[in-house]
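What follows is entry_6.cif (mmCIF, C-alpha atoms).
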data_query
loop_
_atom_site.label_atom_id
_atom_site.label_comp_id
_atom_site.auth_asym_id
_atom_site.auth_seq_id
_atom_site.Cartn_x
_atom_site.Cartn_y
_atom_site.Cartn_z
CA MET A 402 25.53 -83.95 14.58
CA SER A 403 27.92 -81.57 13.13
CA ARG A 404 26.22 -81.99 9.76
CA ARG A 405 22.75 -81.27 11.22
CA ALA A 406 24.07 -78.21 12.97
CA HIS A 407 25.69 -77.10 9.77
CA LEU A 408 22.43 -77.56 7.87
CA GLN A 409 20.25 -75.75 10.46
CA LEU A 410 22.44 -72.63 10.61
CA PRO A 411 21.19 -71.05 7.36
CA ALA A 412 17.58 -71.43 8.54
CA SER A 413 18.43 -69.54 11.71
CA ARG A 414 20.04 -66.81 9.71
CA ARG A 415 17.03 -66.61 7.44
CA GLY A 416 14.84 -66.11 10.50
CA VAL A 417 17.01 -63.24 11.67
CA VAL A 418 16.99 -61.64 8.23
CA TRP A 419 13.19 -62.01 7.99
CA TYR A 420 12.72 -60.45 11.42
CA ARG A 421 14.95 -57.51 10.49
CA TRP A 422 13.08 -57.03 7.22
CA LYS A 423 9.74 -56.93 9.02
CA LEU A 424 11.16 -54.46 11.53
CA ILE A 425 12.50 -52.18 8.79
CA THR A 426 9.18 -52.33 6.91
CA ALA A 427 7.22 -51.49 10.04
CA LEU A 428 9.53 -48.57 10.86
CA SER A 429 9.30 -47.25 7.29
CA ALA A 430 5.51 -47.39 7.39
CA ALA A 431 5.49 -45.62 10.74
CA LEU A 432 7.80 -42.88 9.41
CA CYS A 433 5.57 -42.40 6.33
CA ILE A 434 2.49 -42.05 8.51
CA LEU A 435 4.34 -39.60 10.78
CA ALA A 436 5.46 -37.55 7.76
CA LEU A 437 1.89 -37.40 6.42
CA LEU A 438 0.58 -36.32 9.81
CA THR A 439 3.28 -33.63 10.02
CA ILE A 440 2.44 -32.26 6.56
CA HIS A 441 -1.27 -32.21 7.41
CA ARG A 442 -0.58 -30.47 10.70
CA GLN A 443 1.65 -27.87 9.00
CA SER A 444 -1.03 -27.27 6.37
CA ARG A 445 -3.65 -26.72 9.06
CA SER A 446 -1.23 -24.54 10.98
CA SER A 447 -0.55 -22.36 7.92
CA ALA A 448 -4.26 -21.97 7.26
CA THR A 449 -4.83 -21.13 10.91
CA LEU A 450 -2.04 -18.55 10.93
CA SER A 451 -3.47 -16.95 7.78
CA SER A 452 -6.90 -16.76 9.38
CA LEU A 453 -5.44 -15.41 12.60
CA SER A 454 -3.58 -12.75 10.64
CA VAL A 455 -6.81 -11.53 9.07
CA ALA A 456 -8.73 -11.81 12.32
CA ARG A 457 -6.04 -10.01 14.27
CA SER A 458 -6.17 -7.11 11.84
CA ARG A 459 -9.86 -6.64 12.69
CA ILE A 460 -9.28 -6.35 16.43
CA PRO A 461 -8.88 -2.70 17.49
CA LEU A 462 -5.44 -1.97 18.89
CA ARG A 463 -4.99 -0.62 22.38
CA LYS A 464 -5.23 3.14 22.49
CA TYR A 465 -1.83 4.75 22.14
CA THR A 466 -0.70 5.80 25.61
CA GLY A 467 2.35 7.83 24.62
CA ASP A 468 2.31 11.61 24.63
CA ARG A 469 4.10 12.07 21.29
CA PRO A 470 2.27 10.27 18.46
CA LYS A 471 4.21 10.48 15.22
CA ILE A 472 3.29 10.82 11.58
CA ALA A 473 5.10 8.41 9.27
CA PHE A 474 5.81 10.01 5.89
CA LEU A 475 6.04 7.19 3.34
CA PHE A 476 7.69 8.18 0.05
CA LEU A 477 7.20 6.01 -3.02
CA ALA A 478 10.11 7.03 -5.27
CA ARG A 479 11.32 5.94 -8.68
CA ARG A 480 14.92 6.57 -7.60
CA ASP A 481 15.86 9.77 -5.74
CA LEU A 482 13.62 12.51 -4.36
CA PRO A 483 13.79 15.46 -6.75
CA LEU A 484 11.91 17.75 -4.34
CA ASP A 485 14.11 16.92 -1.33
CA PHE A 486 15.03 20.60 -0.83
CA LEU A 487 11.34 21.46 -0.43
CA TRP A 488 10.76 18.71 2.13
CA ASP A 489 13.95 19.73 3.92
CA ARG A 490 12.44 23.17 4.49
CA PHE A 491 9.19 21.54 5.61
CA PHE A 492 10.81 19.20 8.17
CA LYS A 493 13.12 21.89 9.55
CA GLY A 494 10.07 23.57 11.02
CA ALA A 495 9.12 20.45 12.98
CA ASP A 496 10.08 18.68 16.16
CA GLN A 497 11.81 15.48 15.01
CA ALA A 498 10.03 13.58 17.78
CA ASN A 499 6.76 14.13 15.87
CA PHE A 500 7.57 12.41 12.59
CA SER A 501 9.49 9.65 10.86
CA VAL A 502 10.49 9.11 7.22
CA TYR A 503 10.53 5.95 5.08
CA ILE A 504 11.43 5.68 1.39
CA HIS A 505 10.79 2.90 -1.09
CA SER A 506 13.21 3.36 -3.97
CA LEU A 507 15.10 1.23 -6.46
CA PRO A 508 16.65 -1.85 -4.84
CA GLY A 509 20.17 -0.94 -3.75
CA PHE A 510 19.71 2.85 -3.99
CA VAL A 511 21.04 4.58 -0.87
CA PHE A 512 20.12 8.06 0.36
CA ASN A 513 23.27 9.81 1.58
CA ALA A 514 25.18 13.06 1.10
CA GLU A 515 25.82 12.17 -2.55
CA THR A 516 22.22 11.40 -3.49
CA THR A 517 20.12 13.86 -1.47
CA ARG A 518 20.38 17.45 -0.28
CA SER A 519 18.50 16.77 2.95
CA GLN A 520 19.80 14.98 6.03
CA PHE A 521 16.22 14.02 6.88
CA PHE A 522 16.46 11.38 4.14
CA TYR A 523 19.85 9.90 5.01
CA ASP A 524 19.61 6.09 5.21
CA ARG A 525 15.80 6.19 5.26
CA GLN A 526 15.46 3.80 2.30
CA LEU A 527 13.99 0.32 2.78
CA ASN A 528 16.52 -2.48 2.59
CA ASN A 529 13.92 -4.89 1.20
CA SER A 530 12.60 -2.73 -1.65
CA ILE A 531 11.44 -4.30 -4.91
CA LYS A 532 11.29 -3.27 -8.55
CA VAL A 533 8.03 -1.40 -9.11
CA ILE A 534 6.18 -1.22 -12.42
CA TRP A 535 3.36 1.27 -12.81
CA GLY A 536 -0.05 -0.34 -13.16
CA GLU A 537 1.03 -3.66 -11.67
CA SER A 538 0.64 -5.32 -8.29
CA SER A 539 4.27 -4.47 -7.45
CA MET A 540 3.02 -0.96 -6.70
CA ILE A 541 0.76 -2.08 -3.86
CA ALA A 542 3.42 -4.56 -2.72
CA ALA A 543 5.78 -1.58 -2.27
CA GLU A 544 3.11 0.32 -0.34
CA ARG A 545 2.67 -2.66 1.99
CA LEU A 546 6.44 -2.81 2.56
CA LEU A 547 6.47 0.87 3.53
CA LEU A 548 3.61 0.38 5.97
CA ALA A 549 5.21 -2.74 7.45
CA SER A 550 8.48 -0.88 8.11
CA ALA A 551 6.70 2.08 9.68
CA LEU A 552 4.57 -0.18 11.91
CA GLU A 553 7.74 -1.38 13.65
CA ASP A 554 7.77 1.94 15.50
CA GLN A 555 4.87 1.94 17.98
CA SER A 556 4.96 5.75 18.11
CA ASN A 557 3.87 5.98 14.46
CA GLN A 558 0.12 6.55 14.64
CA ARG A 559 -0.63 8.11 11.24
CA PHE A 560 0.75 6.91 7.91
CA VAL A 561 0.83 9.18 4.85
CA LEU A 562 1.71 7.80 1.42
CA LEU A 563 3.40 10.32 -0.88
CA SER A 564 4.86 10.35 -4.38
CA ASP A 565 8.31 11.67 -5.22
CA ARG A 566 6.69 14.68 -6.94
CA CYS A 567 4.33 15.54 -4.09
CA ALA A 568 4.52 18.83 -2.17
CA PRO A 569 2.96 19.95 1.12
CA LEU A 570 0.57 22.90 0.97
CA TYR A 571 0.91 23.89 4.65
CA ASP A 572 3.59 23.94 7.30
CA PHE A 573 4.30 20.90 9.48
CA GLY A 574 2.41 22.20 12.51
CA TYR A 575 -0.89 22.54 10.69
CA ILE A 576 -0.59 19.17 8.92
CA TYR A 577 0.31 17.47 12.21
CA ARG A 578 -2.72 18.89 14.04
CA TYR A 579 -5.00 18.09 11.09
CA LEU A 580 -4.02 14.41 11.01
CA ILE A 581 -3.59 13.71 14.70
CA SER A 582 -6.85 15.42 15.67
CA SER A 583 -8.87 13.06 13.46
CA PRO A 584 -9.48 9.45 14.58
CA ARG A 585 -10.21 8.44 10.98
CA SER A 586 -8.26 7.43 7.91
CA PHE A 587 -8.43 9.53 4.76
CA VAL A 588 -8.99 7.14 1.86
CA ASP A 589 -10.51 8.19 -1.44
CA SER A 590 -13.18 5.53 -2.01
CA PHE A 591 -16.21 5.39 -4.27
CA LEU A 592 -18.37 2.99 -6.28
CA HIS A 593 -16.86 2.26 -9.67
CA THR A 594 -19.48 2.14 -12.42
CA LYS A 595 -18.02 3.80 -15.55
CA GLU A 596 -15.44 1.15 -16.43
CA THR A 597 -15.74 -2.57 -15.86
CA ARG A 598 -12.52 -3.44 -14.07
CA TYR A 599 -14.06 -5.97 -11.72
CA SER A 600 -13.59 -9.57 -12.88
CA VAL A 601 -15.91 -12.43 -11.99
CA ASN A 602 -12.75 -14.44 -11.30
CA MET A 603 -12.49 -12.42 -8.07
CA SER A 604 -15.99 -13.21 -6.87
CA SER A 605 -15.06 -16.13 -4.62
CA VAL A 606 -13.07 -13.72 -2.43
CA ILE A 607 -14.18 -10.19 -3.37
CA PRO A 608 -17.96 -9.57 -3.71
CA GLU A 609 -18.71 -7.14 -6.51
CA GLU A 610 -20.70 -4.89 -4.17
CA LYS A 611 -17.50 -4.35 -2.14
CA TRP A 612 -15.45 -3.27 -5.17
CA ARG A 613 -14.20 0.32 -4.82
CA LYS A 614 -11.98 2.78 -6.65
CA GLY A 615 -9.98 5.81 -5.51
CA SER A 616 -6.65 7.58 -5.33
CA GLN A 617 -3.67 5.54 -4.13
CA TRP A 618 -2.44 8.48 -2.02
CA ILE A 619 -3.84 7.55 1.37
CA SER A 620 -3.45 8.60 4.98
CA VAL A 621 -4.39 5.85 7.41
CA ILE A 622 -4.61 5.33 11.15
CA ARG A 623 -2.52 2.60 12.73
CA ASN A 624 -5.06 -0.21 12.94
CA HIS A 625 -5.98 0.29 9.27
CA ALA A 626 -2.29 0.07 8.37
CA GLU A 627 -2.22 -3.22 10.29
CA VAL A 628 -5.16 -4.51 8.22
CA ILE A 629 -3.33 -3.70 4.97
CA VAL A 630 -0.06 -5.32 6.05
CA ASN A 631 -1.69 -8.43 7.55
CA ASP A 632 -3.89 -9.09 4.53
CA GLY A 633 -3.22 -12.51 3.09
CA THR A 634 -6.53 -12.95 1.28
CA VAL A 635 -7.31 -9.99 -0.98
CA PHE A 636 -3.78 -9.15 -2.17
CA PRO A 637 -3.21 -12.54 -3.87
CA VAL A 638 -6.47 -12.08 -5.80
CA PHE A 639 -5.35 -8.65 -7.00
CA LYS A 640 -1.97 -10.05 -7.96
CA THR A 641 -3.63 -12.70 -10.13
CA PHE A 642 -6.68 -10.98 -11.62
CA CYS A 643 -6.19 -7.20 -11.43
CA LYS A 644 -3.71 -6.40 -14.18
CA ARG A 645 -3.12 -3.55 -16.60
CA ALA A 646 -4.03 -4.28 -20.22
CA PRO A 647 -1.04 -4.75 -22.58
CA PRO A 648 -0.37 -2.19 -25.36
CA SER A 649 -3.10 -1.97 -27.98
CA GLY A 650 -2.56 -4.21 -31.00
CA SER A 651 0.08 -6.39 -29.36
CA GLN A 652 0.00 -10.20 -29.17
CA GLN A 653 -0.12 -9.84 -25.37
CA GLU A 654 -3.34 -7.84 -25.73
CA TRP A 655 -4.87 -10.63 -27.87
CA LEU A 656 -4.06 -13.20 -25.19
CA PHE A 657 -5.29 -10.82 -22.49
CA LEU A 658 -8.67 -10.41 -24.19
CA LYS A 659 -8.89 -14.11 -25.03
CA GLN A 660 -8.64 -14.89 -21.32
CA LYS A 661 -11.53 -12.45 -20.77
CA ARG A 662 -9.46 -10.28 -18.45
CA ARG A 663 -10.30 -6.66 -17.63
CA ASN A 664 -7.97 -3.68 -17.69
CA CYS A 665 -7.37 -3.12 -13.98
CA ILE A 666 -4.96 -0.81 -12.13
CA PRO A 667 -4.34 -2.42 -8.69
CA ASP A 668 -3.28 0.69 -6.76
CA GLU A 669 -6.57 2.43 -7.65
CA HIS A 670 -8.65 -0.31 -6.03
CA TYR A 671 -6.75 -2.39 -3.47
CA VAL A 672 -6.82 -0.39 -0.21
CA GLN A 673 -10.34 0.92 -0.85
CA THR A 674 -11.73 -2.55 -1.56
CA LEU A 675 -9.85 -4.22 1.30
CA LEU A 676 -11.01 -1.74 3.97
CA THR A 677 -14.58 -1.92 2.64
CA MET A 678 -14.51 -5.72 2.83
CA ARG A 679 -13.33 -5.48 6.44
CA GLY A 680 -16.31 -3.26 7.29
CA LEU A 681 -14.18 -0.19 7.99
CA GLU A 682 -15.77 2.43 5.70
CA SER A 683 -17.42 4.08 8.72
CA GLU A 684 -13.93 4.70 10.13
CA MET A 685 -12.81 6.61 7.04
CA GLU A 686 -13.15 10.06 5.56
CA ARG A 687 -13.75 8.84 2.01
CA ARG A 688 -11.46 11.33 0.28
CA THR A 689 -7.77 11.82 -0.39
CA LEU A 690 -5.62 14.57 1.13
CA THR A 691 -3.54 14.89 -2.06
CA TYR A 692 -4.78 17.21 -4.80
CA THR A 693 -4.34 15.93 -8.35
CA VAL A 694 -5.61 17.28 -11.66
CA TRP A 695 -6.03 14.67 -14.37
CA ASN A 696 -5.69 15.37 -18.07
CA ILE A 697 -9.07 14.26 -19.48
CA SER A 698 -8.54 15.53 -23.03
CA GLY A 699 -7.72 12.09 -24.47
CA THR A 700 -10.12 9.66 -26.08
CA LYS A 701 -11.16 6.48 -24.30
CA TYR A 702 -8.37 4.70 -26.15
CA GLU A 703 -5.82 7.26 -24.98
CA ALA A 704 -7.11 7.05 -21.44
CA LYS A 705 -4.78 4.14 -20.73
CA SER A 706 -1.88 6.62 -20.71
CA TRP A 707 -3.51 9.42 -18.70
CA HIS A 708 -1.21 11.12 -16.25
CA PRO A 709 -1.66 13.98 -13.75
CA VAL A 710 -1.24 17.52 -14.97
CA THR A 711 2.18 18.82 -13.90
CA PHE A 712 2.58 21.99 -11.87
CA THR A 713 5.25 24.17 -13.46
CA PHE A 714 6.70 27.52 -12.45
CA GLU A 715 3.95 29.29 -14.40
CA ASN A 716 0.94 27.62 -12.75
CA SER A 717 2.20 27.31 -9.17
CA GLY A 718 1.98 30.91 -8.00
CA PRO A 719 0.13 32.27 -4.95
CA GLU A 720 -3.26 32.46 -6.66
CA ASP A 721 -2.99 28.89 -8.00
CA ILE A 722 -2.08 27.45 -4.61
CA GLN A 723 -4.74 29.50 -2.86
CA GLU A 724 -7.41 28.12 -5.19
CA ILE A 725 -6.49 24.58 -4.08
CA LYS A 726 -6.60 25.60 -0.42
CA LYS A 727 -10.11 27.01 -0.84
CA ILE A 728 -11.61 23.66 -1.83
CA ASP A 729 -13.87 22.43 0.98
CA ASN A 730 -15.80 19.59 -0.68
CA VAL A 731 -15.44 16.85 -3.27
CA TYR A 732 -18.27 15.56 -5.45
CA TYR A 733 -18.45 11.87 -6.40
CA GLU A 734 -20.62 11.49 -9.49
CA SER A 735 -20.96 7.69 -9.33
CA GLU A 736 -22.62 7.98 -5.91
CA SER A 737 -24.18 11.44 -6.28
CA ARG A 738 -22.30 12.17 -3.07
CA THR A 739 -20.76 15.39 -1.87
CA GLU A 740 -17.98 14.77 0.64
CA TRP A 741 -17.67 17.84 2.86
CA CYS A 742 -14.16 17.95 4.19
CA LYS A 743 -13.83 17.47 7.95
CA ALA A 744 -11.22 16.52 10.52
CA ASP A 745 -12.53 15.46 13.91
CA SER A 746 -16.01 16.61 12.74
CA LYS A 747 -14.73 20.14 12.07
CA PRO A 748 -14.73 21.79 8.62
CA VAL A 749 -11.25 21.98 7.11
CA PRO A 750 -9.62 22.49 3.71
CA CYS A 751 -9.76 19.28 1.69
CA PHE A 752 -6.13 19.01 0.66
CA LEU A 753 -2.84 19.05 2.57
CA PHE A 754 -0.65 18.00 -0.36
CA ALA A 755 -0.60 18.32 -4.15
CA ARG A 756 1.16 16.70 -7.10
CA LYS A 757 2.95 16.62 -9.55
CA PHE A 758 5.45 19.46 -9.12
CA THR A 759 8.54 20.19 -11.20
CA LYS A 760 11.70 21.37 -9.44
CA GLU A 761 11.05 24.90 -10.71
CA ALA A 762 7.53 24.89 -9.30
CA ALA A 763 8.80 23.59 -5.95
CA MET A 764 11.47 26.29 -5.86
CA ARG A 765 8.74 28.87 -6.35
CA LEU A 766 6.77 27.43 -3.42
CA VAL A 767 9.85 27.81 -1.23
CA SER A 768 11.04 31.21 -2.46
CA GLU A 769 7.59 32.82 -2.24
CA GLY A 770 6.78 31.27 1.13
CA LEU A 771 3.68 29.50 -0.13
CA ILE A 772 4.02 26.61 2.34
CA GLY A 773 2.86 28.23 5.53
CA PRO A 774 0.30 28.02 8.33
CA SER A 775 -3.39 27.89 7.58
CA THR A 776 -5.80 30.67 8.41
CA ASN A 777 -8.26 27.93 9.46
CA ILE A 778 -8.80 28.35 13.22
CA THR A 779 -10.80 25.19 13.88
CA LEU A 780 -7.73 23.03 14.59
#

Final structure tokens representation of the file:
Amino acid sequence: MSRRAHLQLPASRRGVVWYRWKLITALSAALCILALLTIHRQSRSSATLSSLSVARSRIPLRKYTGDRPKIAFLFLARRDLPLDFLWDRFFKGADQANFSVYIHSLPGFVFNAETTRSQFFYDRQLNNSIKVIWGESSMIAAERLLLASALEDQSNQRFVLLSDRCAPLYDFGYIYRYLISSPRSFVDSFLHTKETRYSVNMSSVIPEEKWRKGSQWISVIRNHAEVIVNDGTVFPVFKTFCKRAPPSGSQQEWLFLKQKRRNCIPDEHYVQTLLTMRGLESEMERRTLTYTVWNISGTKYEAKSWHPVTFTFENSGPEDIQEIKKIDNVYYESESRTEWCKADSKPVPCFLFARKFTKEAAMRLVSEGLIGPSTNITL
């Protein structure tokens, strides 16, 4: 008996081991199935959130119920703000409850008593700024960061993008009334027919008939700012397919052309194209508020390095500034369209700001009192 019992014991153990093995296998299979279901659910959730983000940006926000809507001044700076003394004079004439300031600068650069002459800029830099390269998608990424930061304050109802060499042409009171009185965004936007920057690689997301060009210096209402920040569809396409051509004659240019890519400057197309795709052109004044003169003396091969004409002490006197203030319409050749400048359906001067100004030119604006109220009585 003892021998039989001794012989049967291993069989019993084998049964236990087999049962445990089957249990472990079943549990492993169940865990694998659960993991696959979780991944699938997360994938669907991410796609849903992306769609909701785009959809949410198309829903009009509730009308602002506060009595002090603010203008958010968004400065896109290389490092410091060389015209800070000019803007200091501008902001000193304003109620601080009517505006806010945000600066995108070099990562780690801090605006304090050592880096700026104006207290209005103290600690107004973004803490999540990125390195920006002209002509690349990092430029529009920085613009989106500025808008996202400004949107955190519900009182901000107008958003004005400015360069570090930009100057106001009027006092704060006039600019405030001009922007707040209009329910529209001011976005320079027109059909682009002279150069072929549109790539067929974009066509699955961006229809060619929606492709637009214009100045990057925009002024947008709050719900349009929401559209730009919430966009998760158009920006990735720009990041991949809208790129500046490498230097002529370089190996990078050979590869660029071999891939059949087009010379494309993202900040001249992104906002205009995005808002057009969202069906918002009817909510825009299709012009910029920032006056810029471009040097068009170069050949088509030199055009890649075109830059705005700089205002110096010599060409920024009273007569020069007054000529800018007299402009009341802008002609768009590609559309045979004359854009008569209006705010809240009333005729107004076209430009509130101008660029690029040297320090000497800005000092002349201040010393000669050229930044003052408008004689326009419609606002």

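Note that the spacing between CA of Leu487 (chain A) and CA of Gly574 (chain A) amounts to 15.7 Å.
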
- Task: Would you mind listing what lies within 8 Å of Leu548 (chain A) as an NGL selection string, with only C-alpha atoms counted and same-chain residues fewer than 2 positions away left out?
- Result: :A and (475 or 544-546 or 550-552 or 560 or 626 or 630)

- Atom-to-atom span, CA of Asn664 (chain A) and CA of Trp618 (chain A), Å: 20.6 Å

- Message: I'd like the contact shell of Phe486 (chain A) - 7 Å cut-off, only C-alpha atoms, skipping same-chain residues fewer than 3 positions apart - returned as JSON, numbers by chain.
- Response: {"A": [489, 490, 518, 519]}

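The space separating CA of Glu734 (chain A) from CA of His708 (chain A) comes to 20.6 Å.
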
- Message: I want to know what sits within 9 Å of Arg623 (chain A), based on all atoms listed in the file, with residues of the same chain fewer than 5 positions away left out; could you give that as a ChimeraX atom specification?
- Response: /A:462,552,557-560,586,628

Could you write those residues out with C-alpha atoms, as an mmCIF file, keeping the file's coordinate frame?
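For reference, result31.cif as written:
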data_model
loop_
_atom_site.group_PDB
_atom_site.id
_atom_site.type_symbol
_atom_site.label_atom_id
_atom_site.label_comp_id
_atom_site.auth_asym_id
_atom_site.auth_seq_id
_atom_site.Cartn_x
_atom_site.Cartn_y
_atom_site.Cartn_z
ATOM 1 C CA LEU A 462 -5.440 -1.970 18.890
ATOM 2 C CA LEU A 552 4.570 -0.180 11.910
ATOM 3 C CA ASN A 557 3.870 5.980 14.460
ATOM 4 C CA GLN A 558 0.120 6.550 14.640
ATOM 5 C CA ARG A 559 -0.630 8.110 11.240
ATOM 6 C CA PHE A 560 0.750 6.910 7.910
ATOM 7 C CA SER A 586 -8.260 7.430 7.910
ATOM 8 C CA VAL A 628 -5.160 -4.510 8.220
#

Can you sort out region 514-522 of chain A so it carries all heavy atoms, written as a compact mmCIF listing (two decimals), in the frame of the given file?
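The resulting selection_15.txt:
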# COMPACT_ATOMS: atom_id res chain seq x y z
N ALA A 514 24.78 11.70 1.47
CA ALA A 514 25.18 13.06 1.10
C ALA A 514 25.38 13.22 -0.41
O ALA A 514 25.31 14.34 -0.93
CB ALA A 514 26.47 13.42 1.83
N GLU A 515 25.60 12.11 -1.11
CA GLU A 515 25.82 12.17 -2.55
C GLU A 515 24.53 12.10 -3.35
O GLU A 515 24.51 12.47 -4.53
CB GLU A 515 26.75 11.03 -2.98
CG GLU A 515 28.15 11.13 -2.39
CD GLU A 515 29.04 9.99 -2.86
OE1 GLU A 515 28.54 9.11 -3.60
OE2 GLU A 515 30.22 9.98 -2.49
N THR A 516 23.45 11.62 -2.74
CA THR A 516 22.22 11.40 -3.49
C THR A 516 21.05 12.27 -3.05
O THR A 516 20.02 12.29 -3.71
CB THR A 516 21.79 9.92 -3.39
OG1 THR A 516 21.63 9.57 -2.01
CG2 THR A 516 22.83 9.01 -4.02
N THR A 517 21.20 12.98 -1.93
CA THR A 517 20.12 13.86 -1.47
C THR A 517 20.69 15.10 -0.80
O THR A 517 21.78 15.05 -0.20
CB THR A 517 19.17 13.13 -0.51
OG1 THR A 517 18.13 14.05 -0.09
CG2 THR A 517 19.89 12.64 0.73
N ARG A 518 19.95 16.19 -0.90
CA ARG A 518 20.38 17.45 -0.28
C ARG A 518 19.83 17.63 1.13
O ARG A 518 20.06 18.66 1.76
CB ARG A 518 19.91 18.62 -1.16
CG ARG A 518 20.63 18.73 -2.48
CD ARG A 518 19.87 19.54 -3.50
NE ARG A 518 18.74 18.78 -4.04
CZ ARG A 518 18.04 19.15 -5.11
NH1 ARG A 518 18.35 20.27 -5.74
NH2 ARG A 518 17.04 18.41 -5.54
N SER A 519 19.11 16.64 1.62
CA SER A 519 18.50 16.77 2.95
C SER A 519 18.92 15.63 3.87
O SER A 519 18.80 14.45 3.53
CB SER A 519 16.97 16.77 2.82
OG SER A 519 16.36 16.74 4.10
N GLN A 520 19.41 15.97 5.05
CA GLN A 520 19.80 14.98 6.03
C GLN A 520 18.61 14.19 6.57
O GLN A 520 18.78 13.10 7.12
CB GLN A 520 20.55 15.63 7.19
CG GLN A 520 21.89 16.24 6.79
CD GLN A 520 22.65 16.78 7.98
OE1 GLN A 520 22.28 16.55 9.12
NE2 GLN A 520 23.73 17.51 7.70
N PHE A 521 17.42 14.73 6.40
CA PHE A 521 16.22 14.02 6.88
C PHE A 521 16.00 12.70 6.12
O PHE A 521 15.26 11.84 6.58
CB PHE A 521 14.98 14.91 6.76
CG PHE A 521 15.00 16.10 7.66
CD1 PHE A 521 15.18 17.37 7.16
CD2 PHE A 521 14.86 15.94 9.04
CE1 PHE A 521 15.20 18.48 7.99
CE2 PHE A 521 14.88 17.04 9.88
CZ PHE A 521 15.05 18.32 9.37
N PHE A 522 16.64 12.58 4.95
CA PHE A 522 16.46 11.38 4.14
C PHE A 522 17.64 10.42 4.20
O PHE A 522 17.59 9.35 3.59
CB PHE A 522 16.19 11.76 2.68
CG PHE A 522 14.93 12.58 2.50
CD1 PHE A 522 14.97 13.84 1.90
CD2 PHE A 522 13.71 12.09 2.93
CE1 PHE A 522 13.81 14.58 1.73
CE2 PHE A 522 12.54 12.83 2.76
CZ PHE A 522 12.59 14.08 2.16
